[in-house]
Amino acid sequence: MSVTTYKRCHCVGPRVDRKGDPVLNTDGNPKTGELGDRCPKLKQSTHGSWYFYFSIPRPGRDPDRVRRGGFTTKGEAKSEGERLFNEATREGIDVNSKETVEEYLRRWLEAQAGLKRSTANNYRGHIDNHLIPHIGAIRLTDLRAQHIDAMFRAVREANEKRQADRLRALQLRALRDEAHTGWKAAPKPHGGYNKRAEIRAFRARLKAEWHYAAAQLREARKGTSHRKDTNVPTQHRIRATLSIALTDAVRQRRITTNWAQLVSLPSTKRPKALMWTDARIAEWRRTGTVPSPVMVWTPEQVGQFLDHVADDRLFPLWHLITFRGLRRGEATAIPWTEVDLEQGLINITQQIVAVSYEPYTDTPKADSERTIVLDETTRRLLVGWKARQDQEREELTSQGKWVETGRVFTTEENGSTYHPEWISRRFRRLAKNAGLPPIRLHDLRHEAATLALTAGTDIKVVQEMLGHSTITLTADTYTSVVPALSRAAAEAAVAIVPRSGRKCGLRVVEDDDQSAA
């Protein structure tokens, strides 16, 4: 068993046999077709391409024949042939398999038993929206790192095109609105004949500009995808999905290398939470730009929000999330069986997750299963909430409307569970009505961490309250939010160093000296 290389081309001409004699048709005329490896021009270095061939014996069956071609040089054909030969004979890889990446990924996903529904849905989205459109047609055994690189390059180019399309649509919308405003504000025709004709021409020109800009805007919107940009963190998750699938393919001896692990992507950093200072609020009001994906309010702004929602039916929920940092799915899923109002404890053992807006109950990640210790105010609010819910249950049961869920936070219509997205929408409306800069409902979780750290709570306690897997995640995300923490750390470092009292060459300027200056 060895690898044989040969050269051939696709030239068409009279066919000859191994002895060089012409091959004849039944009518005695020379038979024509591809000359293959018998083309006389193959002696030219630039003519034709190189192929390799080898056979793999199979006991009791015909040998598997492996043939590949299209190589520029004999060395390239020989090298690739030897690589496949070793994979087939030493690694047991079926190098002749025609299974495509799409076929493998779909079969692999179906075989993933025990996945959380949200995880399976994420895998399916990555496979359907990105992996199959870009690399699905490639044979699994032919997949290489350059194919995956090309996929992510195409993803980034699509992002740039969508962003350019959106910018163009915004510009055209501004032109359309400007022309429409000018047309509406233009004076109505009156006065002499010449004056009326001039005004009519002016208004007609503005209306034509409006229609032209509107038509351009409609065309621009056709090329503007409503799909969100595939940002860098999402690209990392797509690669992770492919890598998990290819790891299984390596373990099953379908391929020898997990090519996804050899692909580099732009580095991504977890966004740090920023506080809404007066300067940031002023810039946001001027430009509409939010400084960071993760924003938190100052303690004064938190107080403004809580005062505004004090009469809202769900005030206990807002208070609980604000000070104890629950995720929205955790808060909406809390069952009364996991609440101890006497001791002021809540066990986080469930969460509500929505896939395609369809909610279902799931268990949290292992690190997120935790016990929340309630402050006295929140405990009292939940005691009052339970009394209110008991009254609602009694009234709705008598009307045949009550749906028993056993959960803490239920609707006033029939006692059903709140949808997590409805809670988010409700929070956004309340925050906007309170006149506050925007944050997400999830940012109230960050708010809880910020308030706890500002109050001097040990960061390990904050980590356990939030259910973070590592203390590093908590520190990296939140310690930059409160400048007082950094200030205290800086002063403490200087204070622990003993000094003899000798003055340094530079005079320390006191506040009074600065005022006098």
# chains A, B, ... in the order shown; residues from 1 in each chain; ligands from 1
call {"tool": "select_by_dssp", "arguments": {"residues": "region 229-453 of chain A", "states": "helix (DSSP H, G or I)", "output": "PyMOL selection string"}}
result
chain A and resi 232-251+259-262+278-287+299-308+315-324+328-333+336-338+366-368+376-398+420-433+443-453
call {"tool": "residues_around", "arguments": {"residues": "Phe71 (chain A)", "least_positions_apart": "3", "cutoff": "8 Å", "atoms": "only C-alpha atoms", "output": "list in words"}}
result
Ser49, Trp50, Tyr51, Lys74, Glu76 and Ala77 of chain A
call {"tool": "closest_residue", "arguments": {"among": "A:Arg237, A:His47, A:Arg379, A:Lys401", "to": "Thr72 (chain A)", "atoms": "only C-alpha atoms"}}
result
A:His47
